[in-house]
Amino acid sequence: MTQPITLTVSLGERSYPIHIAEGILANADKYLRLDRRVLIVTDSGVPREYASTVASLAKSPTLVTVKEGEGSKSFASLEMLCKTMLEAGFTRGDCVVAVGGGIVGDLAGFAASVFMRGIDFYNIPTTLLSQVDSSIGGKVAVNLDRIKNAVGAFYQPRAVLIDPEVLKTLPDRQISAGLAEALKMSATFDASLFALFERGDARAHLKEIIVESLKIKRDVVEKDEKESALRRVLNFGHTVGHGIESLLGVAEENGMRENGGLYHGECVALGMLPMCAEGVKARLLPILRSLSLPTEISVDASLVARAMTHDKKAGDGFVTVILVDEVGSYREEKMSFAALEERVKECFS
Ligand SMILES: NC(=O)c1ccc[n+]([C@@H]2O[C@H](COP(=O)([O-])OP(=O)(O)OC[C@H]3O[C@@H](n4cnc5c(N)ncnc54)[C@H](O)[C@@H]3O)[C@@H](O)[C@H]2O)c1
């Protein structure tokens, strides 16, 4: 195992460490209290060996594998996990470990937050998106009807272990989708991380990108744990991105693949473009192309704009959006739907 880099998320009594090291998965018991009943949650797309390694290090493990995909972030899965813990005799002193991407983390974390009114939760994220973003910050949730993350909580993990080695089995397109979230953070907060992306060899610097992205997210979460203000900046690219997702979600109902074949990170990549000043967009486009991320949409831009206004964050004909006029900085603006539609149409038509 390499020497770990440790970051601390400082939130008073809810503070926790993030340990980042190649090979840390096989040493999980040195960083997590696994000498008790441990529910290990993974999904069918995560190579089996990751969760079984953690199980082999736990005193009393119960390993549950849910089906891969957004459908597992459901009340049915939540109930199944809680029932499994009850049947295995879990008490408030036991714990849950997520071994997987954002889906497993959101589901397992939510189960830990409600079981016996909250038991210890550890996260071992295995996708790049979850390593740079979703594994810290404490947002856990399941979906309800067609609304993503409709029911959830803020529930911080006790510790997060990040092993960049597991990314070797992650498909290249998933790596790009994770890089889109890191790029989003650099565009709003860190011009030097953005410059790293501009060098064109991001894939050779994944560990550095993970650490620098986590520092950005950590700083934001420490200042605004429950997303009352600053944390909303992390939604840069998401207003339009969600519009694309929900529009393509309708296409999915008509027989197309999930999100019309686009991953969340890919929708965020597209969603950043209309929200940037021309100079920033001119720098962003070659990066997106170098990462094989999409820069154009194949659907009618006005339909995207309309789908956006159905987003749950939209209120009274206006929506607060994050704009980037200069790399490494941002501003918030309350924008009318009409102005937003115009921007999207101009960008993609
Ligand atoms: N809680 C938060 O703050 C937050 C932030 C952003 C996104 N999210 C949520 O995260 C979810 C998306 O997460 P994701 O992008 O990690 O997707 P995911 O969890 O679906 O993982 C993507 C795919 O990769 C597979 N996989 C995972 N690790 C692997 C590995 N090492 N090797 C090979 N395959 C592997 C999975 O089985 C899955 O098929 C969404 O539900 C989204 O709402 C949460």
# chains A, B, ... in the order shown; residues from 1 in each chain; ligands from 1
>>> residues_near_ligand(ligand="ligand 1", cutoff="7 Å", atoms="only C-alpha atoms and all ligand atoms", output="VMD selection string")
chain A and resid 43 to 47 68 to 70 100 to 104 106 126 to 130 133 to 140 148 to 149 166 to 171 174 178 264
>>> select_by_dssp(residues="region 153-278 of chain A", states="alpha helix (DSSP H)", output="PyMOL selection string")
chain A and resi 172-189+191-198+206-223+238-253+264-272+278
>>> write_last_selection(atoms="C-alpha atoms", output="mmCIF file, in the first residue's frame")
data_model
loop_
_atom_site.group_PDB
_atom_site.id
_atom_site.type_symbol
_atom_site.label_atom_id
_atom_site.label_comp_id
_atom_site.auth_asym_id
_atom_site.auth_seq_id
_atom_site.Cartn_x
_atom_site.Cartn_y
_atom_site.Cartn_z
ATOM 1 C CA ASP A 172 -13.226 4.518 -19.760
ATOM 2 C CA ARG A 173 -16.509 6.307 -20.348
ATOM 3 C CA GLN A 174 -17.247 6.223 -16.595
ATOM 4 C CA ILE A 175 -13.806 7.764 -15.995
ATOM 5 C CA SER A 176 -14.732 10.619 -18.332
ATOM 6 C CA ALA A 177 -18.077 11.106 -16.569
ATOM 7 C CA GLY A 178 -16.261 11.406 -13.237
ATOM 8 C CA LEU A 179 -13.745 13.822 -14.727
ATOM 9 C CA ALA A 180 -16.666 16.037 -15.813
ATOM 10 C CA GLU A 181 -17.608 16.561 -12.135
ATOM 11 C CA ALA A 182 -13.992 17.382 -11.248
ATOM 12 C CA LEU A 183 -13.811 19.780 -14.191
ATOM 13 C CA LYS A 184 -16.989 21.453 -12.914
ATOM 14 C CA MET A 185 -15.338 22.058 -9.539
ATOM 15 C CA SER A 186 -12.177 23.434 -11.143
ATOM 16 C CA ALA A 187 -14.164 25.820 -13.371
ATOM 17 C CA THR A 188 -15.840 27.415 -10.373
ATOM 18 C CA PHE A 189 -13.106 27.249 -7.713
ATOM 19 C CA ALA A 191 -7.969 27.801 -12.012
ATOM 20 C CA SER A 192 -4.833 25.677 -11.560
ATOM 21 C CA LEU A 193 -6.816 22.409 -11.542
ATOM 22 C CA PHE A 194 -8.570 23.675 -14.699
ATOM 23 C CA ALA A 195 -5.112 24.305 -16.196
ATOM 24 C CA LEU A 196 -4.195 20.684 -15.440
ATOM 25 C CA PHE A 197 -7.198 19.610 -17.552
ATOM 26 C CA GLU A 198 -6.024 21.946 -20.329
ATOM 27 C CA LEU A 206 -6.243 10.857 -11.608
ATOM 28 C CA LYS A 207 -4.953 10.761 -8.037
ATOM 29 C CA GLU A 208 -4.019 14.455 -8.100
ATOM 30 C CA ILE A 209 -7.435 15.288 -9.577
ATOM 31 C CA ILE A 210 -9.176 13.233 -6.861
ATOM 32 C CA VAL A 211 -7.258 14.944 -4.053
ATOM 33 C CA GLU A 212 -7.695 18.477 -5.428
ATOM 34 C CA SER A 213 -11.423 17.958 -6.124
ATOM 35 C CA LEU A 214 -11.965 16.567 -2.635
ATOM 36 C CA LYS A 215 -10.234 19.607 -1.150
ATOM 37 C CA ILE A 216 -12.636 21.887 -3.025
ATOM 38 C CA LYS A 217 -15.702 19.910 -1.987
ATOM 39 C CA ARG A 218 -14.440 19.578 1.591
ATOM 40 C CA ASP A 219 -14.001 23.364 1.878
ATOM 41 C CA VAL A 220 -17.496 23.978 0.513
ATOM 42 C CA VAL A 221 -19.140 21.354 2.757
ATOM 43 C CA GLU A 222 -17.371 22.721 5.840
ATOM 44 C CA LYS A 223 -18.782 26.184 5.137
ATOM 45 C CA HIS A 238 -26.707 20.842 -13.222
ATOM 46 C CA THR A 239 -29.701 23.044 -14.046
ATOM 47 C CA VAL A 240 -29.304 22.464 -17.770
ATOM 48 C CA GLY A 241 -27.802 19.005 -17.123
ATOM 49 C CA HIS A 242 -30.925 17.913 -15.255
ATOM 50 C CA GLY A 243 -33.070 19.322 -18.081
ATOM 51 C CA ILE A 244 -31.206 17.092 -20.526
ATOM 52 C CA GLU A 245 -31.488 14.142 -18.147
ATOM 53 C CA SER A 246 -35.210 14.497 -17.620
ATOM 54 C CA LEU A 247 -35.875 15.055 -21.325
ATOM 55 C CA LEU A 248 -33.883 11.972 -22.231
ATOM 56 C CA GLY A 249 -35.550 10.167 -19.326
ATOM 57 C CA VAL A 250 -38.804 10.582 -21.239
ATOM 58 C CA ALA A 251 -37.059 9.091 -24.252
ATOM 59 C CA GLU A 252 -36.065 6.203 -21.985
ATOM 60 C CA GLU A 253 -39.726 5.471 -21.323
ATOM 61 C CA HIS A 264 -25.034 12.024 -15.393
ATOM 62 C CA GLY A 265 -21.472 13.387 -15.739
ATOM 63 C CA GLU A 266 -21.958 13.705 -19.496
ATOM 64 C CA CYS A 267 -25.149 15.723 -18.940
ATOM 65 C CA VAL A 268 -23.266 17.979 -16.496
ATOM 66 C CA ALA A 269 -20.527 18.467 -19.111
ATOM 67 C CA LEU A 270 -23.156 19.671 -21.583
ATOM 68 C CA GLY A 271 -24.914 21.697 -18.890
ATOM 69 C CA MET A 272 -21.833 23.812 -18.175
ATOM 70 C CA GLU A 278 -17.623 32.970 -24.375
#
>>> select_by_dssp(residues="region 89-126 of chain A", states="strand (DSSP E or B)", output="list in words")
Cys95, Val96, Val97, Ala98, Val99, Gly100, Asp120, Phe121, Tyr122, Asn123, Ile124 and Pro125 of chain A
>>> residues_around(residues="Arg232 (chain A)", least_positions_apart="2", cutoff="10 Å", atoms="only C-alpha atoms", output="PyMOL selection string")
chain A and resi 220+224+226-230+234-236+238+320-322+332
>>> residues_around(residues="Gly93 (chain A)", least_positions_apart="3", cutoff="9 Å", atoms="only C-alpha atoms", output="list of chain:residue names")
A:Arg36, A:Arg37, A:Phe90, A:Ile119, A:Asp120
>>> atom_distance(atom1="CA of Gly12 (chain A)", atom2="CA of Ala159 (chain A)")
14.2 Å
>>> residues_around(residues="Ser349 (chain A)", least_positions_apart="4", cutoff="12 Å", atoms="only C-alpha atoms", output="ChimeraX atom specification")
/A:274,295-305,341-345
